[in-house]
Structure formats: C-alpha cells, structure tokens
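Asker: Supplied in structure tokens, the structure appears directly below.
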Amino acid sequence: HRQNIKDSTMMIRYLLVCLSIGVATGFSPGAFRSETVSASATSLEGLSRRDLFDASAVSLAGLVLGQVSPALAASVDGTPKTILMTGSNSGIGFEAAKKLAAAGHKLILPSRTLDKAVATVAALGGGPNIIPAECDLADLSSIEKFGQELPSLLGSGTSLDIACLNAGLARKVGASDVARTKDGFELTVGTNHLGHFYLNSLLVPKLQPRGRIVVTASSVHDPDSPGGAQGKTATLGDLNGFLRDGKDFEMVDGEPFNADKAYKDSKLCNVFFFRELQRRLAASAATKDICVNAFTPGLIVSTGLFRDQPKLFTKIFDVAATNVFKVG
C-alpha cells in the first residue's frame with residue numbers, strides 16, 4: 001500500500017477516505033480546540049513575542065518528550081530518545097531541536113535540501129547524534145528516497161522513538177497564482193499536509209511500539225480563534241476540489257485559490273489527520289500504544305513560515321497580531 005500511495009491519484013483517493021470520515025461525522029473546525037496542545041495559554045498573557053517564541057519552543061520540545069510541564073530532562077523515563085523532526089532549520093523547530101540536542105537525544109533532521117540540513121546541524125554544534133538528511137516535502141520522490149535511507153540513518157537495530165512533523169510554509173497573503181509541488185498539488189496543502197501525510201506513512205513502521213507522533217498545527221484552523229477569524233475562514237467543504245479536480249485542485253473545497261485560506265485549510269487538514277491517525281493506530285494491536293498529539297505554537301512571525309511574506313507586511317502584521325487581534 002505504501003508503494004502505491006506515492007501515485008498522485010492513489011494518494012488523493014486515500015486522503016478522501018481519511019478526511020471524509022471527519023466531514024461525514026459532522027466534525028467542525030472548532031471541535032478540536034480541547035485536543036490540541038497550545039503554547040498560547042492564558043498563563044502566557046503579557047509576555048513579549050520573543051518570550052512567546054521561547055515558550056513555544058520549550059512547549060514543542062516538551063511535548064515531543066511527552067512532558068506536560070516540560071523540564072527538558074533526558075526524557076520522562078530518563079533515557080535518551082531517537083527523534084526525527086522536520087522544519088528544524090529555523091524558528092521554533094530550530095530552538096526546540098537545540099533544547100533536545102542539549103538534553104542528549106539523537107536527532108534526525110531532514111530539510112528541503114541537504115545543504116540546509118548540514119547547516120542546521122553545524123548551527124546546533126554538530127556531533128554524531130545530530131544527523132542531517134534531505135527530504136523535500138513538496139516532492140514525493142524525495143520523501144520516498146528519505147524513507148529508503150532512514151534505516152541506515154537510524155542505525156542497526158534502532159527504531160524511532162518520536163516523529164515531529166513540524167515543517168510548514170505560507171504563501172504571500174495576496175498571491176493569486178497557484179504554485180504547485182513537483183507532483184502537481186497546490187503547494188501549501190501539498191507541503192504542509194500531503195507531504196507530511198506520505199512521510200508519516202513511511203515513519204510509522206519504524207516507530208517503536210510506544211512511540212509518539214507530534215503534528216505542528218495552528219489555531220487558525222478554527223474560525224472562532226482570533227487568527228482564524230481574519231479573512232476567509234478554514235473549511236474543507238465537501239472535498240469538492242479533490243473530487244472534481246484530483247491532484248489539480250486549487251482549494252480542497254473546490255473554490256478558487258486563496259493563499260491565506262489555503263494555509264488555514266492545510267492546518268485543518270493537519271488536525272483531521274492527527275485525529276484519524278490516532279483512531280487508526282489505536283485500532284491495531286501493533287500500534288495501539290503510539291500516541292499522536294497536535295501542537296499549536298501560537299502566531300510567531302519571525303520564523304521560516306513567513307519567509308515568502310514582504311518584510312514590511314511581516315512587521316505590521318506582528319504589531320497587529322499582538323496589539324489588535326490579540327493572536328497568540
């Protein structure tokens with residue numbers, strides 16, 4: 001099945017099954033609020049954006065280790081873990097990787113290019129326990145190649161303890177062109193959701209029986225959240241984009257392309273994905289003890305996620321997010 005899922009049409013069909021379970025049973029975007037872990041709790045009110053950035057990194061690192069109140073010890077059970085994290089070359093991912101490396105864990109850090117991964121490892125201080133790799137989430141063949149290389153990266157007899165699916169991108173808010181992945185998917189959903197979806201299918205067989213999967217989502221999937229309420233709100237509709245256009249979809253719900261909504265939709269896909277993944281893993285004796293969490297870091301604009309936004313827009317949006325919309 002994993003060999004066939006790399007085919008674009010097969011992937012679309014499989015995703016329709018997974019996503020339609022949530023749509024058909026009446027799940028609404030806001031229904032997931034209590035099931036995601038947020039770094040923007042009321043206890044953080046009054047902190048600066050830099051403080052929130054640091055808190056988000058600590059929260060992500062702690063959640064990766066299964067710590068509700070992260071002390072960032074070696075792990076909950078006191079042993080070093082083998083952790084794979086996407087999106088570690090900048091932002092919250094980099095800061096979380098720095099904390100995990102300092103705590104003595106083995107890190108496998110795939111990036112879009114090997115050069116970026118090598119640079120990240122160097123910035124983290126290097127060493128045999130921090131391993132660079134290439135995995136372009138906008139290219140299914142790159143993901144497949146990484147999956148084939150993973151056993152040698154893990155080492156003989158070593159399984160993966162934790163997979164942190166953290167990478168993401170957001171197009172310029174005013175972008176009107178439909179950028180696409182190498183395989184023809186709309187770039188935002190194709191990278192943030194479909195790429196991680198395929199990568200995860202290759203990682204689950206490598207996870208140890210009590211492993212953990214952490215998905216970095218966002219509160220903007222929820223139209224009732226401060227960030228999610230701005231502009232067009234997230235909705236997958238009846239998946240008409242998938243049903244009508246296959247891999248050539250512009251938006252999952254079949255509407256014309258909207259860059260801001262595409263990001264929100266991709267985060268809603270992440271939330272549907274983690275819920276359905278946990279249900280399916282729990283239904284199998286072999287994977288029932290694998291835990292899946294989604295993580296909301298809050299709105300931190302000084303990360304690679306905003307790399308395609310104009311600098312002036314980013315500065316203005318940061319001020320507005322803090323002082324006007326109160327987005328965390």
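By convention here, the chains of the structure tokens are called A, B, ... in the order presented, each chain's residues are numbered starting at 1, and ligands are numbered starting at 1 in the order presented.
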Can you pull out the residues contacting A:Gly125? Cut-off 10 Å, using only C-alpha atoms, and skip same-chain residues under 5 positions away; I want them as number ranges by chain.
Answerer: A: 98, 101-102, 119-120, 130
Asker: Within 9 Å of A:Ala259, counting only C-alpha atoms, which residues show up once you throw out same-chain ones fewer than 4 positions away? Write them as a PyMOL selection string, please.
Answerer: chain A and resi 170-178+188+263-264
Asker: I need the residue nearest A:Ser152 from this list: A:Arg180, A:Gly93, A:Ile108, A:Gly211. Use only C-alpha atoms for the distance.
Answerer: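 Nearest candidate to A:Ser152 out of A:Arg180, A:Gly93, A:Ile108, A:Gly211: A:Ile108.
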Asker: Return as JSON, numbers by chain the full set of residues in stretch 215-309 of chain A whose backbone-based DSSP assignment is helix (DSSP H, G or I).
Answerer: {"A": [219, 220, 221, 240, 241, 242, 243, 244, 245, 246, 247, 248, 259, 260, 261, 262, 263, 264, 265, 266, 267, 268, 269, 270, 271, 272, 273, 274, 275, 276, 277, 278, 279, 280, 281, 282, 304, 305, 306]}
Asker: Give me the residues within 9 Å of A:Leu194 as a list in words, counting only C-alpha atoms and dropping any in the same chain fewer than 3 places off.
Answerer: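 Non-adjacent residues within range: Met11, Leu15, Leu137, Ala138, Phe185, Val189, Gly190, Thr191, Phe197, Tyr198, Leu199, Ser266 and Cys269 of chain A.
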Asker: Find the residues around A:Gly147 up to 8 Å (only C-alpha atoms counted), leave out those fewer than 4 positions away in its own chain, and share them as a list in words.
Answerer: Ile143, Pro151, Leu199, Leu202 and Leu203 of chain A
Asker: Under the rule that only C-alpha atoms are counted, which of A:Phe295, A:Ile92, A:Ala179, A:Val214 is the nearest residue to A:Met251?
Answerer: A:Ala179
Asker: What is the distance, in Å and to one decimal place, between atom CA of A:Leu63 and atom CA of A:Gln148?
Answerer: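 The value is 27.3 Å.
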Asker: Might you pull out every residue within 7 Å of A:Lys261, with only C-alpha atoms counted and same-chain residues fewer than 4 positions away left off, and present them as a list of chain:residue names?
Answerer: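 Counting only C-alpha atoms, the residues come to A:Lys232, A:Thr233, A:Ala234, A:Asp265.
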Asker: Those same residues - N, CA and C atoms - I'd like them written as a PDB file, in the first residue's frame.
Answerer:
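The result, stored in out-v6.pdb:
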```pdb
ATOM      1  N   LYS A 232     -10.908  34.923   4.923  1.00  0.00           N
ATOM      2  CA  LYS A 232     -11.696  33.716   4.683  1.00  0.00           C
ATOM      3  C   LYS A 232     -11.315  32.648   5.697  1.00  0.00           C
ATOM      4  N   THR A 233     -12.305  31.975   6.235  1.00  0.00           N
ATOM      5  CA  THR A 233     -12.055  31.003   7.292  1.00  0.00           C
ATOM      6  C   THR A 233     -11.846  29.606   6.721  1.00  0.00           C
ATOM      7  N   ALA A 234     -11.228  28.759   7.521  1.00  0.00           N
ATOM      8  CA  ALA A 234     -10.915  27.395   7.094  1.00  0.00           C
ATOM      9  C   ALA A 234     -12.179  26.567   6.920  1.00  0.00           C
ATOM     10  N   ASP A 265      -6.621  26.053   5.644  1.00  0.00           N
ATOM     11  CA  ASP A 265      -7.131  24.728   5.278  1.00  0.00           C
ATOM     12  C   ASP A 265      -6.088  23.641   5.535  1.00  0.00           C
TER      13      ASP A 265
END
```
